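Below is my_file-v1.pdb, which holds PDB, C-alpha atoms and all ligand atoms.
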```pdb
ATOM      1  CA  MET A   1       6.679  -3.204   4.966  1.00  0.00           C
ATOM      2  CA  LYS A   2       6.661   0.539   4.734  1.00  0.00           C
ATOM      3  CA  ILE A   3       3.513   2.475   4.012  1.00  0.00           C
ATOM      4  CA  LEU A   4       4.040   5.154   1.406  1.00  0.00           C
ATOM      5  CA  ARG A   5       0.414   6.087   0.972  1.00  0.00           C
ATOM      6  CA  ASN A   6      -2.687   5.050   2.857  1.00  0.00           C
ATOM      7  CA  SER A   7      -5.617   5.671   0.583  1.00  0.00           C
ATOM      8  CA  ALA A   8      -8.686   4.175  -0.977  1.00  0.00           C
ATOM      9  CA  LYS A   9     -11.302   4.996  -3.544  1.00  0.00           C
ATOM     10  CA  CYS A  10     -15.018   4.686  -2.997  1.00  0.00           C
ATOM     11  CA  LEU A  11     -16.704   2.996  -5.934  1.00  0.00           C
ATOM     12  CA  LYS A  12     -20.066   4.277  -4.781  1.00  0.00           C
ATOM     13  CA  CYS A  13     -19.499   8.030  -4.707  1.00  0.00           C
ATOM     14  CA  GLY A  14     -16.160   8.071  -6.547  1.00  0.00           C
ATOM     15  CA  SER A  15     -14.304  10.054  -3.921  1.00  0.00           C
ATOM     16  CA  HIS A  16     -10.674   9.330  -3.201  1.00  0.00           C
ATOM     17  CA  ILE A  17      -9.654   9.496   0.421  1.00  0.00           C
ATOM     18  CA  CYS A  18      -6.181   9.511   1.907  1.00  0.00           C
ATOM     19  CA  SER A  19      -5.110   9.214   5.534  1.00  0.00           C
ATOM     20  CA  ARG A  20      -1.913  11.137   6.147  1.00  0.00           C
ATOM     21  CA  HIS A  21      -1.424  10.811   9.859  1.00  0.00           C
ATOM     22  CA  ARG A  22      -1.879   8.122  12.465  1.00  0.00           C
ATOM     23  CA  HIS A  23      -5.088   9.713  13.682  1.00  0.00           C
ATOM     24  CA  ASP A  24      -6.204  11.112  10.348  1.00  0.00           C
ATOM     25  CA  PHE A  25      -9.522   9.352   9.985  1.00  0.00           C
ATOM     26  CA  GLN A  26     -10.968   9.950   6.535  1.00  0.00           C
ATOM     27  CA  ARG A  27     -14.390   8.944   5.362  1.00  0.00           C
ATOM     28  CA  CYS A  28     -15.644   9.242   1.800  1.00  0.00           C
ATOM     29  CA  ASN A  29     -18.395  11.601   0.777  1.00  0.00           C
ATOM     30  CA  CYS A  30     -21.178   9.041   0.984  1.00  0.00           C
ATOM     31  CA  GLY A  31     -19.804   7.412   4.127  1.00  0.00           C
ATOM     32  CA  ALA A  32     -19.509   3.928   2.663  1.00  0.00           C
ATOM     33  CA  ILE A  33     -15.816   3.458   3.373  1.00  0.00           C
ATOM     34  CA  PHE A  34     -13.017   4.931   5.456  1.00  0.00           C
ATOM     35  CA  VAL A  35      -9.256   4.826   5.903  1.00  0.00           C
ATOM     36  CA  ASP A  36      -7.256   5.555   9.022  1.00  0.00           C
ATOM     37  CA  GLY A  37      -3.772   5.128  10.430  1.00  0.00           C
ATOM     38  CA  GLY A  38      -1.824   7.315   8.025  1.00  0.00           C
ATOM     39  CA  LEU A  39       1.649   5.981   7.396  1.00  0.00           C
ATOM     40  CA  ALA A  40       1.772   4.242  10.756  1.00  0.00           C
ATOM     41  CA  TYR A  41      -0.609   1.411   9.962  1.00  0.00           C
ATOM     42  CA  LEU A  42      -3.230   0.502   7.394  1.00  0.00           C
ATOM     43  CA  ARG A  43      -6.724   0.616   8.795  1.00  0.00           C
ATOM     44  CA  SER A  44      -9.745   0.736   6.578  1.00  0.00           C
ATOM     45  CA  GLY A  45     -13.279  -0.489   6.507  1.00  0.00           C
ATOM     46  CA  GLY A  46     -16.851   0.149   5.674  1.00  0.00           C
ATOM     47  CA  ASP A  47     -18.767  -1.384   2.833  1.00  0.00           C
ATOM     48  CA  LEU A  48     -16.058  -3.404   1.121  1.00  0.00           C
ATOM     49  CA  GLN A  49     -18.027  -3.844  -2.100  1.00  0.00           C
ATOM     50  CA  TYR A  50     -17.350  -0.158  -2.723  1.00  0.00           C
ATOM     51  CA  TYR A  51     -13.806  -0.251  -1.448  1.00  0.00           C
ATOM     52  CA  GLU A  52     -10.896  -0.047  -3.850  1.00  0.00           C
ATOM     53  CA  ASP A  53      -7.480  -0.045  -2.213  1.00  0.00           C
ATOM     54  CA  THR A  54      -5.151   2.542  -3.737  1.00  0.00           C
ATOM     55  CA  SER A  55      -2.544   2.399  -0.989  1.00  0.00           C
ATOM     56  CA  ILE A  56       1.112   2.203  -1.867  1.00  0.00           C
ATOM     57  CA  VAL A  57       3.367   0.045   0.254  1.00  0.00           C
ATOM     58  CA  ASP A  58       7.017  -0.798  -0.057  1.00  0.00           C
ATOM     59  CA  ASP A  59       7.468  -4.519   0.409  1.00  0.00           C
ATOM     60  CA  THR A  60      11.243  -4.394   0.258  1.00  0.00           C
ATOM     61  CA  PRO A  61      12.696  -6.266   3.212  1.00  0.00           C
ATOM     62  CA  PRO A  62      14.499  -3.957   5.662  1.00  0.00           C
ATOM     63  CA  SER A  63      17.830  -5.649   4.947  1.00  0.00           C
ATOM     64  CA  GLY A  64      17.528  -4.938   1.222  1.00  0.00           C
ATOM     65  CA  VAL A  65      17.490  -1.184   1.491  1.00  0.00           C
ATOM     66  CA  HIS A  66      20.731  -0.788  -0.383  1.00  0.00           C
ATOM     67  CA  SER A  67      20.373  -1.962  -3.939  1.00  0.00           C
ATOM     68  CA  GLU A  68      24.129  -2.509  -4.080  1.00  0.00           C
ATOM     69  CA  GLN A  69      23.518  -5.845  -2.463  1.00  0.00           C
ATOM     70  CA  ASN A  70      22.147  -7.093  -5.759  1.00  0.00           C
ATOM     71  CA  GLY A  71      25.642  -7.105  -7.197  1.00  0.00           C
ATOM     72  CA  GLU A  72      27.184  -8.669  -4.168  1.00  0.00           C
ATOM     73  CA  ARG A  73      29.643 -11.424  -4.912  1.00  0.00           C
ATOM     74  CA  ARG A  74      29.074 -14.651  -3.140  1.00  0.00           C
ATOM     75  CA  GLN A  75      31.739 -15.390  -0.657  1.00  0.00           C
ATOM     76  CA  HIS A  76      33.594 -18.603  -1.125  1.00  0.00           C
ATOM     77  CA  VAL A  77      32.411 -21.008   1.510  1.00  0.00           C
ATOM     78  CA  GLN A  78      34.139 -24.090   2.688  1.00  0.00           C
ATOM     79  CA  PRO A  79      32.395 -27.224   1.454  1.00  0.00           C
ATOM     80  CA  GLU A  80      30.840 -29.222   4.202  1.00  0.00           C
ATOM     81  CA  ARG A  81      32.841 -32.155   5.358  1.00  0.00           C
ATOM     82  CA  ALA A  82      31.494 -35.293   3.763  1.00  0.00           C
ATOM     83  CA  ASP A  83      32.820 -37.642   6.333  1.00  0.00           C
ATOM     84  CA  ASP A  84      29.818 -37.589   8.586  1.00  0.00           C
ATOM     85  CA  GLY A  85      29.502 -41.080   9.977  1.00  0.00           C
ATOM     86  CA  ASP A  86      26.197 -42.752   9.347  1.00  0.00           C
TER      87      ASP A  86
HETATM   88 ZN    ZN B   1     -18.423   6.940  -0.934  1.00  0.00          ZN
END
```

As a first step, turn the structure in this file into structure tokens.
Ligand SMILES: [Zn+2]
Amino acid sequence: MKILRNSAKCLKCGSHICSRHRHDFQRCNCGAIFVDGGLAYLRSGGDLQYYEDTSIVDDTPPSGVHSEQNGERRQHVQPERADDGD
């Protein structure tokens, strides 16, 4: 998972806060919520009833970075031998 934006909106005071660096601790205007961690990790807290997550994360698995893999042809695989003794 890659963090593209670490942000949240406070539903109490309406302010939108965004943490841009690992140690960029941001608190909303009324102090109800906060975000921290920037693009290194998602850390947030405060009064969760006023917390609306607006973060953007990329859930693409690391191995699927290249979209070309979507059109990858399956390699022909040898069928398993069916003569396993039972
Ligand atoms: Zn607030």

For ligand ZN 1 (chain B), list the contacting residues at 6 Å or closer, counting only C-alpha atoms and all ligand atoms, as a ChimeraX atom specification. /A:10,12-13,15,28-32

Out of A:Asp59, A:Asp36, A:Glu52, A:Asp47, which residue has the shortest atom-to-atom distance to His23 in chain A when counting all atoms listed in the file?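 Comparing A:Asp59, A:Asp36, A:Glu52, A:Asp47 against His23 in chain A, the winner is A:Asp36.
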
Could you put an axis-aligned box around every listed atom of range 32-49 of chain A, padded by 4 Å on each side, and send me its centre and edge lengths in Å to one decimal, as lines of an AutoDock Vina configuration file?
```
center_x = -8.9
center_y = 1.7
center_z = 4.3
size_x = 29.3
size_y = 19.2
size_z = 20.9
```

Assuming the chain letters and numbering stay as they are in my file, what does the PyMOL selection byres (((chain A and resi 7) around 12) and not hetatm) actually select? List them as a ChimeraX atom specification. /A:3-6,8-10,15-21,24-28,33-39,41-45,51-57

Residue completion, range 14-48 of chain A, N, CA and C atoms, as a compact mmCIF listing (two decimals), in the frame of the given file:
```
# COMPACT_ATOMS: atom_id res chain seq x y z
N GLY A 14 -17.28 7.69 -5.70
CA GLY A 14 -16.16 8.07 -6.55
C GLY A 14 -15.12 8.93 -5.87
N SER A 15 -15.28 9.20 -4.59
CA SER A 15 -14.30 10.05 -3.92
C SER A 15 -13.07 9.25 -3.52
N HIS A 16 -11.95 9.94 -3.56
CA HIS A 16 -10.67 9.33 -3.20
C HIS A 16 -10.25 9.90 -1.87
N ILE A 17 -10.00 9.03 -0.92
CA ILE A 17 -9.65 9.50 0.42
C ILE A 17 -8.26 9.01 0.78
N CYS A 18 -7.56 9.82 1.57
CA CYS A 18 -6.18 9.51 1.91
C CYS A 18 -5.92 9.90 3.36
N SER A 19 -5.45 8.95 4.14
CA SER A 19 -5.11 9.21 5.53
C SER A 19 -3.62 9.53 5.63
N ARG A 20 -3.31 10.69 6.15
CA ARG A 20 -1.91 11.14 6.15
C ARG A 20 -1.23 11.04 7.50
N HIS A 21 -2.01 10.90 8.53
CA HIS A 21 -1.42 10.81 9.86
C HIS A 21 -2.07 9.67 10.62
N ARG A 22 -1.41 9.25 11.67
CA ARG A 22 -1.88 8.12 12.46
C ARG A 22 -3.35 8.29 12.89
N HIS A 23 -3.72 9.49 13.21
CA HIS A 23 -5.09 9.71 13.68
C HIS A 23 -5.91 10.50 12.67
N ASP A 24 -5.49 10.41 11.41
CA ASP A 24 -6.20 11.11 10.35
C ASP A 24 -7.28 10.18 9.77
N PHE A 25 -8.41 10.21 10.41
CA PHE A 25 -9.52 9.35 9.98
C PHE A 25 -10.27 10.03 8.85
N GLN A 26 -10.32 9.35 7.70
CA GLN A 26 -10.97 9.95 6.54
C GLN A 26 -12.11 9.06 6.05
N ARG A 27 -13.24 9.67 5.86
CA ARG A 27 -14.39 8.94 5.36
C ARG A 27 -14.79 9.55 4.02
N CYS A 28 -15.28 8.73 3.12
CA CYS A 28 -15.64 9.24 1.80
C CYS A 28 -16.92 10.06 1.88
N ASN A 29 -17.26 10.69 0.79
CA ASN A 29 -18.40 11.60 0.78
C ASN A 29 -19.72 10.93 1.16
N CYS A 30 -19.91 9.72 0.70
CA CYS A 30 -21.18 9.04 0.98
C CYS A 30 -21.12 8.24 2.27
N GLY A 31 -19.93 8.10 2.85
CA GLY A 31 -19.80 7.41 4.13
C GLY A 31 -19.70 5.91 4.02
N ALA A 32 -19.55 5.38 2.83
CA ALA A 32 -19.51 3.93 2.66
C ALA A 32 -18.21 3.33 3.17
N ILE A 33 -17.11 4.01 2.98
CA ILE A 33 -15.82 3.46 3.37
C ILE A 33 -15.00 4.50 4.14
N PHE A 34 -13.92 4.02 4.76
CA PHE A 34 -13.02 4.93 5.46
C PHE A 34 -11.61 4.36 5.49
N VAL A 35 -10.64 5.23 5.67
CA VAL A 35 -9.26 4.83 5.90
C VAL A 35 -8.75 5.57 7.13
N ASP A 36 -7.79 4.97 7.80
CA ASP A 36 -7.26 5.56 9.02
C ASP A 36 -5.85 5.00 9.25
N GLY A 37 -5.09 5.66 10.07
CA GLY A 37 -3.77 5.13 10.43
C GLY A 37 -2.61 5.83 9.75
N GLY A 38 -2.91 6.60 8.70
CA GLY A 38 -1.82 7.32 8.02
C GLY A 38 -0.73 6.37 7.57
N LEU A 39 0.52 6.79 7.81
CA LEU A 39 1.65 5.98 7.40
C LEU A 39 2.13 5.07 8.52
N ALA A 40 1.39 5.08 9.62
CA ALA A 40 1.77 4.24 10.76
C ALA A 40 1.22 2.83 10.60
N TYR A 41 -0.01 2.72 10.18
CA TYR A 41 -0.61 1.41 9.96
C TYR A 41 -1.79 1.57 9.03
N LEU A 42 -2.12 0.48 8.34
CA LEU A 42 -3.23 0.50 7.39
C LEU A 42 -4.51 0.06 8.11
N ARG A 43 -5.44 0.99 8.22
CA ARG A 43 -6.72 0.62 8.80
C ARG A 43 -7.79 1.15 7.86
N SER A 44 -8.70 0.31 7.49
CA SER A 44 -9.74 0.74 6.58
C SER A 44 -10.96 -0.13 6.81
N GLY A 45 -12.08 0.31 6.30
CA GLY A 45 -13.28 -0.49 6.51
C GLY A 45 -14.48 0.16 5.86
N GLY A 46 -15.62 -0.33 6.27
CA GLY A 46 -16.85 0.15 5.67
C GLY A 46 -17.44 -0.92 4.77
N ASP A 47 -18.11 -0.47 3.76
CA ASP A 47 -18.77 -1.38 2.83
C ASP A 47 -17.76 -1.81 1.77
N LEU A 48 -17.19 -2.98 1.95
CA LEU A 48 -16.06 -3.40 1.12
C LEU A 48 -16.41 -3.58 -0.35
```
